[in-house]
>>> print(open('run-v4.tsv').read())   # TSV, C-alpha atoms and all ligand atoms
chain	number	residue	atom	x	y	z
A	96	MET	CA	67.35	93.30	143.15
A	97	LYS	CA	67.77	90.06	145.07
A	98	LYS	CA	70.71	89.58	147.42
A	99	ILE	CA	72.10	86.18	148.42
A	100	SER	CA	74.83	86.44	151.05
A	101	LEU	CA	77.81	84.16	151.40
A	102	GLU	CA	80.36	84.50	154.20
A	103	SER	CA	82.54	87.16	152.58
A	104	TYR	CA	80.59	88.38	149.55
A	105	ASP	CA	77.12	88.79	148.10
A	106	VAL	CA	75.51	87.52	144.94
A	107	ILE	CA	73.26	90.28	143.58
A	108	ILE	CA	70.61	89.36	141.02
A	109	GLY	CA	69.18	92.21	138.97
A	110	ASP	CA	70.07	94.94	136.50
A	111	ILE	CA	73.83	94.89	135.96
A	112	GLY	CA	74.17	98.66	135.48
A	113	GLN	CA	72.59	99.21	138.90
A	114	SER	CA	74.36	96.39	140.77
A	115	LEU	CA	77.77	97.30	139.37
A	116	SER	CA	77.49	100.99	140.20
A	117	ASP	CA	76.23	100.10	143.72
A	118	THR	CA	79.19	97.75	144.22
A	119	LEU	CA	81.72	100.35	143.06
A	120	LYS	CA	80.10	103.30	144.91
A	121	ASP	CA	82.53	103.60	147.82
A	122	LYS	CA	85.53	102.11	146.06
A	123	ASP	CA	88.58	103.93	144.85
A	124	TYR	CA	90.35	101.63	142.44
A	125	THR	CA	93.43	102.94	140.61
A	126	HIS	CA	92.47	100.98	137.52
A	127	ILE	CA	89.69	98.70	136.31
A	128	ALA	CA	89.98	96.03	133.61
A	129	VAL	CA	87.16	93.99	132.10
A	130	LEU	CA	87.96	90.51	130.80
A	131	VAL	CA	85.77	89.40	127.88
A	132	ASP	CA	85.77	86.97	124.98
A	133	GLU	CA	84.59	87.80	121.46
A	134	HIS	CA	80.97	86.91	122.29
A	135	THR	CA	80.64	88.72	125.61
A	136	SER	CA	82.51	91.67	124.12
A	137	GLU	CA	79.70	92.02	121.62
A	138	CYS	CA	76.66	90.89	123.63
A	139	CYS	CA	77.42	91.94	127.21
A	140	LEU	CA	80.11	94.64	127.36
A	141	PRO	CA	77.79	97.45	126.19
A	142	SER	CA	75.65	96.89	129.32
A	143	ILE	CA	78.48	97.85	131.67
A	144	GLN	CA	80.60	100.31	129.72
A	145	GLY	CA	78.53	103.27	130.88
A	146	VAL	CA	79.36	102.38	134.51
A	147	VAL	CA	83.10	101.85	133.95
A	148	PRO	CA	83.88	104.08	130.94
A	149	LYS	CA	87.62	104.24	131.61
A	150	ALA	CA	88.14	100.52	132.10
A	151	SER	CA	90.66	98.67	129.95
A	152	VAL	CA	89.15	95.81	128.00
A	153	ILE	CA	91.16	92.59	127.88
A	154	LYS	CA	89.82	90.28	125.19
A	155	ILE	CA	90.60	86.59	124.77
A	156	SER	CA	89.25	83.93	122.41
A	157	SER	CA	86.22	81.99	123.67
A	158	GLY	CA	86.26	78.30	124.49
A	159	GLU	CA	87.60	75.79	126.99
A	160	GLN	CA	90.70	75.22	124.82
A	161	HIS	CA	91.83	78.72	125.81
A	162	LYS	CA	91.59	78.18	129.57
A	163	THR	CA	95.34	77.71	129.73
A	164	LEU	CA	98.51	79.10	131.26
A	165	PRO	CA	99.70	80.79	128.02
A	166	VAL	CA	96.39	82.68	127.77
A	167	CYS	CA	96.66	83.55	131.44
A	168	GLU	CA	100.15	84.92	130.82
A	169	SER	CA	98.77	87.09	128.02
A	170	ILE	CA	96.15	88.43	130.45
A	171	TRP	CA	98.87	89.27	133.00
A	172	SER	CA	100.91	90.99	130.24
A	173	GLN	CA	97.93	93.14	129.35
A	174	MET	CA	97.38	93.96	133.02
A	175	VAL	CA	100.99	95.13	133.22
A	176	ILE	CA	100.64	97.18	130.02
A	177	ALA	CA	97.49	98.77	131.50
A	178	LYS	CA	99.63	99.68	134.55
A	179	MET	CA	97.38	97.79	136.94
A	180	ASP	CA	98.64	97.68	140.52
A	181	ARG	CA	97.54	96.09	143.79
A	182	HIS	CA	94.68	98.58	144.11
A	183	SER	CA	93.15	97.67	140.77
A	184	LEU	CA	90.01	95.69	139.99
A	185	MET	CA	89.27	92.99	137.45
A	186	ILE	CA	85.72	92.43	136.20
A	187	ASN	CA	85.21	89.00	134.64
A	188	LEU	CA	82.39	89.32	132.13
A	189	GLY	CA	81.56	85.96	130.59
A	190	GLY	CA	80.84	82.30	131.09
A	191	GLY	CA	82.66	79.85	133.33
A	192	VAL	CA	85.85	80.01	131.27
A	193	ILE	CA	86.20	83.76	131.74
A	194	GLY	CA	85.18	83.54	135.41
A	195	ASP	CA	87.51	80.67	136.30
A	196	MET	CA	90.51	82.02	134.40
A	197	GLY	CA	89.95	85.73	135.08
A	198	GLY	CA	89.47	84.99	138.78
A	199	PHE	CA	92.63	82.86	138.78
A	200	ALA	CA	94.59	85.59	136.97
A	201	ALA	CA	93.36	88.30	139.37
A	202	SER	CA	93.92	86.28	142.53
A	203	CYS	CA	97.55	85.57	141.59
A	204	PHE	CA	98.41	89.01	140.12
A	205	MET	CA	100.65	90.80	142.66
A	206	ARG	CA	99.49	88.19	145.22
A	207	GLY	CA	95.87	89.01	144.55
A	208	ILE	CA	93.70	91.94	143.52
A	209	ASP	CA	89.94	92.39	143.86
A	210	PHE	CA	87.74	90.85	141.20
A	211	ILE	CA	84.03	90.84	140.45
A	212	GLN	CA	82.33	87.93	138.70
A	213	VAL	CA	79.68	88.92	136.14
A	214	PRO	CA	78.52	85.52	134.85
A	215	THR	CA	76.77	85.64	131.49
A	216	THR	CA	75.88	81.98	130.84
A	217	LEU	CA	73.28	80.05	132.82
A	218	LEU	CA	75.95	77.58	133.90
A	219	ALA	CA	78.17	80.35	135.24
A	220	GLN	CA	75.24	82.14	136.92
A	221	VAL	CA	73.96	79.15	138.90
A	222	ASP	CA	77.19	77.24	139.34
A	223	ALA	CA	80.68	78.39	138.30
A	224	SER	CA	80.58	81.90	139.76
A	225	VAL	CA	79.54	80.75	143.25
A	226	GLY	CA	81.82	78.88	145.61
A	227	GLY	CA	85.26	80.41	145.11
A	228	LYS	CA	86.85	77.73	142.92
A	229	LEU	CA	89.20	79.22	140.32
A	230	ALA	CA	91.37	77.30	137.89
A	231	ILE	CA	92.92	76.79	134.52
A	232	ASP	CA	93.44	73.53	132.63
A	233	PHE	CA	96.93	72.01	132.46
A	234	GLN	CA	98.12	69.54	129.82
A	235	THR	CA	95.17	67.17	129.45
A	236	TYR	CA	93.88	67.80	132.97
A	237	LYS	CA	90.84	69.99	133.52
A	238	ASN	CA	90.90	72.63	136.29
A	239	PHE	CA	94.25	71.27	137.47
A	240	ILE	CA	96.05	74.45	138.50
A	241	GLY	CA	94.01	76.74	140.67
A	242	LEU	CA	92.92	77.90	144.08
A	243	PHE	CA	89.99	78.89	146.25
A	244	CYS	CA	89.56	82.65	146.42
A	245	ASP	CA	86.39	84.67	146.92
A	246	PRO	CA	85.39	87.54	144.63
A	247	LEU	CA	84.38	91.00	145.84
A	248	ALA	CA	80.89	90.27	144.51
A	249	VAL	CA	78.99	88.17	141.99
A	250	LEU	CA	76.59	90.20	139.86
A	251	VAL	CA	73.98	88.17	137.98
A	252	ASP	CA	71.75	89.74	135.35
A	253	PRO	CA	69.34	87.23	133.76
A	254	LYS	CA	68.98	89.47	130.69
A	255	PHE	CA	72.37	88.20	129.49
A	256	LEU	CA	70.68	84.85	128.79
A	257	LYS	CA	68.72	86.43	125.92
A	258	THR	CA	71.72	86.29	123.58
A	259	LEU	CA	72.98	82.92	124.81
A	260	PRO	CA	72.70	80.14	122.19
A	261	GLU	CA	69.83	77.77	123.05
A	262	ALA	CA	72.15	74.77	123.36
A	263	GLN	CA	74.22	76.62	125.98
A	264	LEU	CA	71.06	77.52	127.89
A	265	ARG	CA	69.92	73.91	127.95
A	266	SER	CA	73.40	72.81	128.97
A	267	GLY	CA	73.38	75.17	131.97
A	268	TYR	CA	69.90	73.95	132.88
A	269	ALA	CA	71.39	70.56	133.81
A	270	GLU	CA	73.00	72.20	136.86
A	271	VAL	CA	69.62	73.73	137.80
A	272	ILE	CA	68.09	70.24	137.67
A	273	LYS	CA	71.00	68.90	139.71
A	274	HIS	CA	70.55	71.47	142.47
A	275	GLY	CA	66.88	70.52	142.80
A	276	LEU	CA	67.60	66.80	142.84
A	277	ILE	CA	70.28	66.97	145.53
A	278	LYS	CA	68.62	69.47	147.87
A	279	SER	CA	65.04	70.44	147.11
A	280	SER	CA	62.10	68.27	146.14
A	281	VAL	CA	60.04	71.48	145.91
A	282	ILE	CA	62.27	72.86	143.17
A	283	TRP	CA	62.27	69.50	141.46
A	284	ASP	CA	58.45	69.32	141.52
A	285	ASN	CA	58.27	72.77	139.89
A	286	LEU	CA	60.83	71.95	137.21
A	287	SER	CA	59.56	68.49	136.38
A	288	GLY	CA	56.08	69.88	135.79
A	289	LEU	CA	57.32	72.04	132.92
A	290	ASP	CA	57.05	70.96	129.31
A	291	SER	CA	59.84	73.19	128.09
A	292	ILE	CA	62.52	75.40	129.58
A	293	GLU	CA	60.96	78.32	127.72
A	294	GLU	CA	58.31	78.39	130.46
A	295	ILE	CA	60.91	79.13	133.14
A	296	ARG	CA	61.00	82.48	134.98
A	297	TRP	CA	64.76	82.75	135.15
A	298	ASP	CA	65.00	85.42	137.88
A	299	ASP	CA	63.32	83.13	140.41
A	300	GLU	CA	64.87	79.89	139.24
A	301	ILE	CA	68.42	81.30	139.20
A	302	ALA	CA	67.98	82.69	142.70
A	303	SER	CA	66.76	79.38	144.16
A	304	SER	CA	69.47	77.46	142.38
A	305	ILE	CA	72.19	79.79	143.68
A	306	MET	CA	70.79	79.50	147.21
A	307	ILE	CA	71.23	75.75	147.08
A	308	LYS	CA	74.82	76.05	145.91
A	309	ARG	CA	75.40	78.74	148.58
A	310	ASP	CA	74.08	76.47	151.34
A	311	VAL	CA	76.23	73.56	150.24
A	312	VAL	CA	79.48	75.50	149.78
A	313	THR	CA	79.17	77.53	152.96
A	314	ALA	CA	78.70	74.30	154.96
A	315	ASP	CA	81.86	72.83	153.39
A	316	PRO	CA	83.92	75.48	151.56
A	317	ARG	CA	86.93	73.22	150.83
A	318	GLU	CA	85.05	70.12	149.67
A	319	ARG	CA	86.05	67.88	152.55
A	320	GLY	CA	82.64	66.20	152.69
A	321	GLN	CA	79.14	67.53	152.06
A	322	ARG	CA	80.17	69.71	149.08
A	323	LYS	CA	80.81	66.50	147.14
A	324	ILE	CA	77.04	66.13	146.61
A	325	LEU	CA	77.41	68.81	143.92
A	326	ASN	CA	79.11	66.09	141.89
A	327	PHE	CA	75.84	64.21	141.40
A	328	GLY	CA	75.66	63.21	137.72
A	329	HIS	CA	79.29	64.19	137.22
A	330	THR	CA	81.19	60.96	138.00
A	331	ILE	CA	79.69	59.22	134.98
A	332	GLY	CA	78.84	62.50	133.18
A	333	HIS	CA	82.44	63.74	133.08
A	334	ALA	CA	83.62	60.45	131.62
A	335	LEU	CA	80.89	60.62	128.95
A	336	GLU	CA	81.94	64.21	128.21
A	337	SER	CA	85.60	63.21	127.84
A	338	PHE	CA	84.73	60.26	125.63
A	339	ALA	CA	82.48	62.39	123.42
A	340	LEU	CA	85.21	65.01	123.07
A	341	SER	CA	87.28	62.60	121.03
A	342	SER	CA	84.31	61.37	118.99
A	343	SER	CA	82.43	62.81	116.04
A	344	ALA	CA	79.52	63.95	118.26
A	345	PRO	CA	80.83	65.91	121.24
A	346	LEU	CA	78.50	66.64	124.15
A	347	LEU	CA	78.25	69.99	125.89
A	348	HIS	CA	79.04	69.74	129.61
A	349	GLY	CA	75.41	69.91	130.73
A	350	GLU	CA	74.30	67.42	128.08
A	351	ALA	CA	76.83	64.91	129.43
A	352	ILE	CA	75.69	65.65	132.98
A	353	ALA	CA	72.07	65.07	131.95
A	354	LEU	CA	73.06	61.57	130.78
A	355	GLY	CA	75.17	61.13	133.90
A	356	MET	CA	72.19	62.06	136.10
A	357	ILE	CA	70.04	59.35	134.50
A	358	ALA	CA	72.81	56.76	134.97
A	359	GLU	CA	73.50	57.83	138.55
A	360	SER	CA	69.78	57.98	139.40
A	361	TYR	CA	69.53	54.38	138.22
A	362	LEU	CA	72.43	53.50	140.55
A	363	SER	CA	70.71	55.45	143.32
A	364	LYS	CA	67.73	53.13	142.91
A	365	GLU	CA	69.87	50.00	142.70
A	366	LEU	CA	72.28	50.81	145.53
A	367	LEU	CA	70.38	53.25	147.75
A	368	SER	CA	66.77	54.05	148.48
A	369	LEU	CA	65.68	56.14	145.46
A	370	SER	CA	62.21	54.93	144.45
A	371	GLU	CA	61.29	53.71	141.00
A	372	ILE	CA	58.70	56.51	140.73
A	373	SER	CA	61.42	59.10	141.38
A	374	LEU	CA	63.75	57.47	138.87
A	375	ASN	CA	60.99	57.61	136.26
A	376	SER	CA	60.26	61.25	137.03
A	377	ILE	CA	63.96	62.10	136.53
A	378	THR	CA	64.32	60.19	133.27
A	379	ASP	CA	61.03	61.59	131.90
A	380	HIS	CA	62.02	65.21	132.51
A	381	ILE	CA	65.53	64.80	131.11
A	382	LYS	CA	64.11	63.07	128.02
A	383	LYS	CA	61.71	65.96	127.51
A	384	VAL	CA	64.32	68.70	127.83
A	385	TYR	CA	67.10	66.89	125.96
A	386	PRO	CA	65.31	65.00	123.17
A	387	ASP	CA	68.22	64.77	120.76
A	388	LEU	CA	71.36	63.93	122.73
A	389	SER	CA	74.09	61.91	121.08
A	390	LEU	CA	74.06	58.48	122.75
A	391	GLU	CA	77.24	57.20	121.14
A	392	SER	CA	79.32	57.37	124.32
A	393	LEU	CA	76.82	55.04	126.07
A	394	SER	CA	77.82	52.27	123.68
A	395	HIS	CA	81.44	52.32	124.89
A	396	PRO	CA	81.16	51.28	128.55
A	397	ASP	CA	84.71	49.94	128.88
A	398	GLU	CA	86.28	53.18	127.64
A	399	VAL	CA	83.90	55.26	129.74
A	400	PHE	CA	84.71	53.23	132.85
A	401	ASP	CA	88.46	53.69	132.22
A	402	LEU	CA	87.92	57.44	131.94
A	403	MET	CA	86.09	57.41	135.27
A	404	GLY	CA	89.27	56.05	136.84
A	405	ALA	CA	91.03	59.31	135.94
A	406	ASP	CA	88.61	61.47	137.99
A	407	LYS	CA	90.55	63.53	140.54
A	408	LYS	CA	87.75	63.00	143.08
A	409	ASN	CA	88.57	59.28	143.41
A	410	LYS	CA	90.49	58.00	146.39
A	411	GLY	CA	92.73	54.95	146.77
A	412	GLY	CA	91.70	53.41	143.46
A	413	HIS	CA	87.96	53.48	144.26
A	414	ILE	CA	85.48	55.26	142.05
A	415	LEU	CA	83.32	57.36	144.32
A	416	ALA	CA	80.06	59.00	143.38
A	417	ALA	CA	77.39	61.21	144.91
A	418	LEU	CA	74.00	59.50	144.67
A	419	LEU	CA	70.40	60.24	145.69
A	420	GLU	CA	68.71	58.67	148.70
A	421	GLU	CA	65.53	60.38	147.55
A	422	ILE	CA	64.74	63.45	145.47
A	423	GLY	CA	66.07	66.37	147.49
A	424	ARG	CA	68.52	64.30	149.56
A	425	ALA	CA	71.94	63.17	148.35
A	426	THR	CA	74.86	61.35	149.86
A	427	TYR	CA	78.49	61.04	148.72
A	428	ASP	CA	81.49	58.70	148.56
A	429	VAL	CA	79.43	55.75	147.33
A	430	ALA	CA	81.88	53.26	145.75
A	431	LEU	CA	80.98	52.02	142.26
A	432	ASP	CA	82.30	48.96	140.48
A	433	LYS	CA	82.55	48.29	136.77
A	434	ALA	CA	79.55	45.94	136.53
A	435	GLN	CA	77.30	48.53	138.18
A	436	VAL	CA	78.49	51.32	135.90
A	437	LYS	CA	77.97	49.16	132.82
A	438	LYS	CA	74.39	48.38	133.88
A	439	ALA	CA	73.74	52.08	134.48
A	440	LEU	CA	75.04	53.02	131.02
A	441	ALA	CA	72.94	50.29	129.41
A	442	PHE	CA	69.85	51.51	131.30
A	443	THR	CA	70.49	55.10	130.16
A	444	LYS	CA	70.82	53.99	126.56
A	445	VAL	CA	67.59	51.98	126.66
A	446	VAL	CA	65.46	54.71	128.26
A	447	LEU	CA	66.71	57.33	125.79
A	448	SER	CA	66.57	55.24	122.62
A	501	LIG	N1	84.46	77.29	139.34
A	501	LIG	C1	83.49	76.40	139.41
A	501	LIG	O1	83.01	76.05	140.49
A	501	LIG	C2	82.96	75.82	138.14
A	501	LIG	C3	81.77	75.09	138.16
A	501	LIG	C4	81.26	74.61	136.95
A	501	LIG	C5	81.93	74.85	135.77
A	501	LIG	N2	83.10	75.56	135.79
A	501	LIG	C6	83.83	75.85	134.55
A	501	LIG	O2	83.00	76.63	133.70
A	501	LIG	C7	83.43	76.44	132.35
A	501	LIG	C8	82.24	76.32	131.45
A	501	LIG	O3	81.48	77.51	131.53
A	501	LIG	P1	80.37	77.87	130.44
A	501	LIG	O4	79.49	76.73	130.19
A	501	LIG	O5	79.78	79.16	130.88
A	501	LIG	O6	81.22	78.01	129.10
A	501	LIG	P2	81.94	79.24	128.36
A	501	LIG	O7	82.51	80.19	129.32
A	501	LIG	O8	82.85	78.61	127.38
A	501	LIG	O9	80.72	79.94	127.58
A	501	LIG	C9	80.02	79.24	126.59
A	501	LIG	C10	79.91	80.06	125.29
A	501	LIG	O10	78.92	81.07	125.47
A	501	LIG	C11	79.44	82.34	125.06
A	501	LIG	N3	78.72	83.35	125.84
A	501	LIG	C12	78.85	83.61	127.15
A	501	LIG	N4	77.91	84.47	127.56
A	501	LIG	C13	77.18	84.79	126.47
A	501	LIG	C14	76.04	85.61	126.26
A	501	LIG	N5	75.43	86.25	127.26
A	501	LIG	N6	75.55	85.70	125.00
A	501	LIG	C15	76.12	85.00	123.97
A	501	LIG	N7	77.16	84.18	124.12
A	501	LIG	C16	77.68	84.07	125.35
A	501	LIG	C17	80.91	82.23	125.33
A	501	LIG	O11	81.63	83.17	124.57
A	501	LIG	C18	81.18	80.80	124.91
A	501	LIG	O12	81.32	80.74	123.51
A	501	LIG	C19	84.32	75.21	132.34
A	501	LIG	O13	85.65	75.61	132.14
A	501	LIG	C20	84.15	74.63	133.74
A	501	LIG	O14	85.31	73.99	134.20
A	501	LIG	C21	83.60	76.05	136.94
A	502	ZN	ZN	78.80	70.63	136.04
>>> encode(input="run-v4.tsv", output="structure tokens")
Amino acid sequence: MKKISLESYDVIIGDIGQSLSDTLKDKDYTHIAVLVDEHTSECCLPSIQGVVPKASVIKISSGEQHKTLPVCESIWSQMVIAKMDRHSLMINLGGGVIGDMGGFAASCFMRGIDFIQVPTTLLAQVDASVGGKLAIDFQTYKNFIGLFCDPLAVLVDPKFLKTLPEAQLRSGYAEVIKHGLIKSSVIWDNLSGLDSIEEIRWDDEIASSIMIKRDVVTADPRERGQRKILNFGHTIGHALESFALSSSAPLLHGEAIALGMIAESYLSKELLSLSEISLNSITDHIKKVYPDLSLESLSHPDEVFDLMGADKKNKGGHILAALLEEIGRATYDVALDKAQVKKALAFTKVVLS
């Protein structure tokens, strides 16, 4: 078992049966519910049912399109039917959708009950489950209604990755790359030396990635400054993701962020001090890990730039991005203009074609 401590809770990496029973040892909850979707119900629930045999299971449909208020209401209804009270516990067993929405539902239910995050995708293990951000989508806006609230614990078991579809694993890996690029040249050197993500020892890599996110969020829990470096690759990446959503070849989140990281690394070289050697190392590794990304969105720079204007991280009409000064050191609030973004998209298209 590895333990990574944040201010008010721990992330425990290891066997889920063990970590869950340790976490519940001295607790006396009136009721426990486990939130799952159809995939985690099948692939992950059996690993914890022996520890919480009496728990109610609340099952929702998988997918971002279900991270909504109506689904949240149905969760609350089932919590009421299960007679959950203020001394109950919610266990969120799933990817970022389950964690974000289950955490939101628990932290609003009767003004807040305890919840444990058990992330089962790579993205949720290294990113979504750490840092206390909880939210649901509203109308066309992603993560628009939500709050910061810490879980009782985050329990990470890398064995859950065995049933995760390969595309989802690769998508989550983009956040692992990002953590190295913004904070640790040592991690980056290890990752960039690999030929395939199959060579990765997930226990170690997940732990170092979580430690980076931990360090960043504990220094700036409410994203007033430094935490913005976690948005590296996301200013352009989110816009590419949104564009691709309405096209015939959608991109998974991490795939869009991989493209965004190439574009923003190019801008880091143009506008800041990132060296050409570092830029090449970043593009080479991303090309190797993501050989078959859809590049269609890169051919629509005007639409992509317009979508960047809708980012809720912008301020006063300026598009602000986190960029790299060097590998392992990032800065934030760098203003981008349309000509720069267009050049970055063109560069990304050329290096990947
Ligand atoms: N709170 C944060 O700080 C934060 C950070 C990043 C992302 N997010 C949110 O996370 C969400 C994306 O999370 P995600 O990528 O985990 O997507 P997801 O939760 O939709 O999971 C992806 C798919 O994998 C399936 N799945 C999950 N675990 C599995 C397993 N072990 N075996 C087989 N299938 C499994 C799910 O059922 C789903 O179909 C987004 O809503 C995003 O906004 C939140
Ligand atoms: Zn992301």
>>> residues_near_ligand(input="run-v4.tsv", ligand="ligand ZN 502 (chain A)", cutoff="7 Å", atoms="only C-alpha atoms and all ligand atoms", output="mmCIF file with C-alpha atoms, keeping the file's coordinate frame")
data_model
loop_
_atom_site.group_PDB
_atom_site.id
_atom_site.type_symbol
_atom_site.label_atom_id
_atom_site.label_comp_id
_atom_site.auth_asym_id
_atom_site.auth_seq_id
_atom_site.Cartn_x
_atom_site.Cartn_y
_atom_site.Cartn_z
ATOM 1 C CA GLU A 270 73.000 72.200 136.860
ATOM 2 C CA HIS A 329 79.290 64.190 137.220
ATOM 3 C CA HIS A 348 79.040 69.740 129.610
ATOM 4 C CA GLY A 349 75.410 69.910 130.730
ATOM 5 C CA ILE A 352 75.690 65.650 132.980
#
>>> closest_residue(input="run-v4.tsv", among="A:Gln435, A:Ser370, A:Asn375, A:Gln220", to="ligand LIG 501 (chain A)", atoms="all atoms listed in the file")
A:Gln220
>>> closest_atom_pairs(input="run-v4.tsv", of="chain A", to="ligand LIG 501 (chain A)", cutoff="7 Å", atoms="all atoms listed in the file", output="Markdown table")
| residue | atom | partner | partner_atom | distance |
| --- | --- | --- | --- | --- |
| A:Asp132 | CA | A:LIG501 | O11 | 5.6 |
| A:Glu133 | CA | A:LIG501 | O11 | 6.3 |
| A:His134 | CA | A:LIG501 | O11 | 4.4 |
| A:Thr135 | CA | A:LIG501 | C13 | 5.3 |
| A:Cys138 | CA | A:LIG501 | N6 | 5.5 |
| A:Cys139 | CA | A:LIG501 | N5 | 6.0 |
| A:Ser157 | CA | A:LIG501 | O11 | 4.8 |
| A:Gly158 | CA | A:LIG501 | O8 | 4.5 |
| A:Glu159 | CA | A:LIG501 | O13 | 5.5 |
| A:Lys162 | CA | A:LIG501 | O13 | 7.0 |
| A:Gly189 | CA | A:LIG501 | C12 | 5.0 |
| A:Gly190 | CA | A:LIG501 | O7 | 3.2 |
| A:Gly191 | CA | A:LIG501 | O3 | 3.2 |
| A:Val192 | CA | A:LIG501 | O7 | 3.9 |
| A:Ile193 | CA | A:LIG501 | O7 | 5.7 |
| A:Asp195 | CA | A:LIG501 | N1 | 5.5 |
| A:Thr215 | CA | A:LIG501 | N4 | 4.3 |
| A:Thr216 | CA | A:LIG501 | N4 | 4.6 |
| A:Leu217 | CA | A:LIG501 | O5 | 6.8 |
| A:Leu218 | CA | A:LIG501 | O5 | 5.1 |
| A:Ala219 | CA | A:LIG501 | O5 | 4.8 |
| A:Asp222 | CA | A:LIG501 | C3 | 5.2 |
| A:Ala223 | CA | A:LIG501 | C2 | 3.4 |
| A:Ser224 | CA | A:LIG501 | N1 | 6.0 |
| A:Val225 | CA | A:LIG501 | O1 | 6.5 |
| A:Gly226 | CA | A:LIG501 | O1 | 6.0 |
| A:Gly227 | CA | A:LIG501 | N1 | 6.6 |
| A:Lys228 | CA | A:LIG501 | N1 | 4.3 |
| A:Leu229 | CA | A:LIG501 | N1 | 5.2 |
| A:Lys237 | CA | A:LIG501 | O14 | 6.9 |
| A:Asn238 | CA | A:LIG501 | O14 | 6.1 |
| A:Phe255 | CA | A:LIG501 | N5 | 4.3 |
| A:Leu256 | CA | A:LIG501 | N5 | 5.2 |
| A:Lys257 | CA | A:LIG501 | N5 | 6.8 |
| A:Thr258 | CA | A:LIG501 | N6 | 4.1 |
| A:Leu259 | CA | A:LIG501 | N6 | 3.8 |
| A:Pro260 | CA | A:LIG501 | C15 | 6.2 |
| A:Gln263 | CA | A:LIG501 | C9 | 6.4 |
| A:Gly267 | CA | A:LIG501 | O4 | 6.6 |
>>> write_last_selection(input="run-v4.tsv", atoms="C-alpha atoms", output="mmCIF file, in the frame of the given file")
data_model
loop_
_atom_site.group_PDB
_atom_site.id
_atom_site.type_symbol
_atom_site.label_atom_id
_atom_site.label_comp_id
_atom_site.auth_asym_id
_atom_site.auth_seq_id
_atom_site.Cartn_x
_atom_site.Cartn_y
_atom_site.Cartn_z
ATOM 1 C CA ASP A 132 85.770 86.970 124.980
ATOM 2 C CA GLU A 133 84.590 87.800 121.460
ATOM 3 C CA HIS A 134 80.970 86.910 122.290
ATOM 4 C CA THR A 135 80.640 88.720 125.610
ATOM 5 C CA CYS A 138 76.660 90.890 123.630
ATOM 6 C CA CYS A 139 77.420 91.940 127.210
ATOM 7 C CA SER A 157 86.220 81.990 123.670
ATOM 8 C CA GLY A 158 86.260 78.300 124.490
ATOM 9 C CA GLU A 159 87.600 75.790 126.990
ATOM 10 C CA LYS A 162 91.590 78.180 129.570
ATOM 11 C CA GLY A 189 81.560 85.960 130.590
ATOM 12 C CA GLY A 190 80.840 82.300 131.090
ATOM 13 C CA GLY A 191 82.660 79.850 133.330
ATOM 14 C CA VAL A 192 85.850 80.010 131.270
ATOM 15 C CA ILE A 193 86.200 83.760 131.740
ATOM 16 C CA ASP A 195 87.510 80.670 136.300
ATOM 17 C CA THR A 215 76.770 85.640 131.490
ATOM 18 C CA THR A 216 75.880 81.980 130.840
ATOM 19 C CA LEU A 217 73.280 80.050 132.820
ATOM 20 C CA LEU A 218 75.950 77.580 133.900
ATOM 21 C CA ALA A 219 78.170 80.350 135.240
ATOM 22 C CA ASP A 222 77.190 77.240 139.340
ATOM 23 C CA ALA A 223 80.680 78.390 138.300
ATOM 24 C CA SER A 224 80.580 81.900 139.760
ATOM 25 C CA VAL A 225 79.540 80.750 143.250
ATOM 26 C CA GLY A 226 81.820 78.880 145.610
ATOM 27 C CA GLY A 227 85.260 80.410 145.110
ATOM 28 C CA LYS A 228 86.850 77.730 142.920
ATOM 29 C CA LEU A 229 89.200 79.220 140.320
ATOM 30 C CA LYS A 237 90.840 69.990 133.520
ATOM 31 C CA ASN A 238 90.900 72.630 136.290
ATOM 32 C CA PHE A 255 72.370 88.200 129.490
ATOM 33 C CA LEU A 256 70.680 84.850 128.790
ATOM 34 C CA LYS A 257 68.720 86.430 125.920
ATOM 35 C CA THR A 258 71.720 86.290 123.580
ATOM 36 C CA LEU A 259 72.980 82.920 124.810
ATOM 37 C CA PRO A 260 72.700 80.140 122.190
ATOM 38 C CA GLN A 263 74.220 76.620 125.980
ATOM 39 C CA GLY A 267 73.380 75.170 131.970
#
>>> atom_distance(input="run-v4.tsv", atom1="atom CA of Ile272 of chain A", atom2="atom CA of Ser343 of chain A")
27.0 Å
>>> residues_around(input="run-v4.tsv", residues="Ile186 of chain A", least_positions_apart="5", cutoff="6 Å", atoms="all atoms listed in the file", output="ChimeraX atom specification")
/A:129,210-211
>>> closest_residue(input="run-v4.tsv", among="A:Arg424, A:Ser392, A:Leu366, A:Lys444", to="Ala344 of chain A", atoms="only C-alpha atoms")
A:Ser392
>>> residues_near_point(input="run-v4.tsv", point="(81.6, 60.6, 150.9)", cutoff="10 Å", atoms="all atoms listed in the file", output="mmCIF file with C-alpha atoms, in the frame of the given file")
data_model
loop_
_atom_site.group_PDB
_atom_site.id
_atom_site.type_symbol
_atom_site.label_atom_id
_atom_site.label_comp_id
_atom_site.auth_asym_id
_atom_site.auth_seq_id
_atom_site.Cartn_x
_atom_site.Cartn_y
_atom_site.Cartn_z
ATOM 1 C CA ARG A 319 86.050 67.880 152.550
ATOM 2 C CA GLY A 320 82.640 66.200 152.690
ATOM 3 C CA GLN A 321 79.140 67.530 152.060
ATOM 4 C CA ARG A 322 80.170 69.710 149.080
ATOM 5 C CA LYS A 323 80.810 66.500 147.140
ATOM 6 C CA ILE A 324 77.040 66.130 146.610
ATOM 7 C CA LEU A 415 83.320 57.360 144.320
ATOM 8 C CA ALA A 416 80.060 59.000 143.380
ATOM 9 C CA ALA A 417 77.390 61.210 144.910
ATOM 10 C CA LEU A 418 74.000 59.500 144.670
ATOM 11 C CA THR A 426 74.860 61.350 149.860
ATOM 12 C CA TYR A 427 78.490 61.040 148.720
ATOM 13 C CA ASP A 428 81.490 58.700 148.560
ATOM 14 C CA VAL A 429 79.430 55.750 147.330
ATOM 15 C CA ALA A 430 81.880 53.260 145.750
#
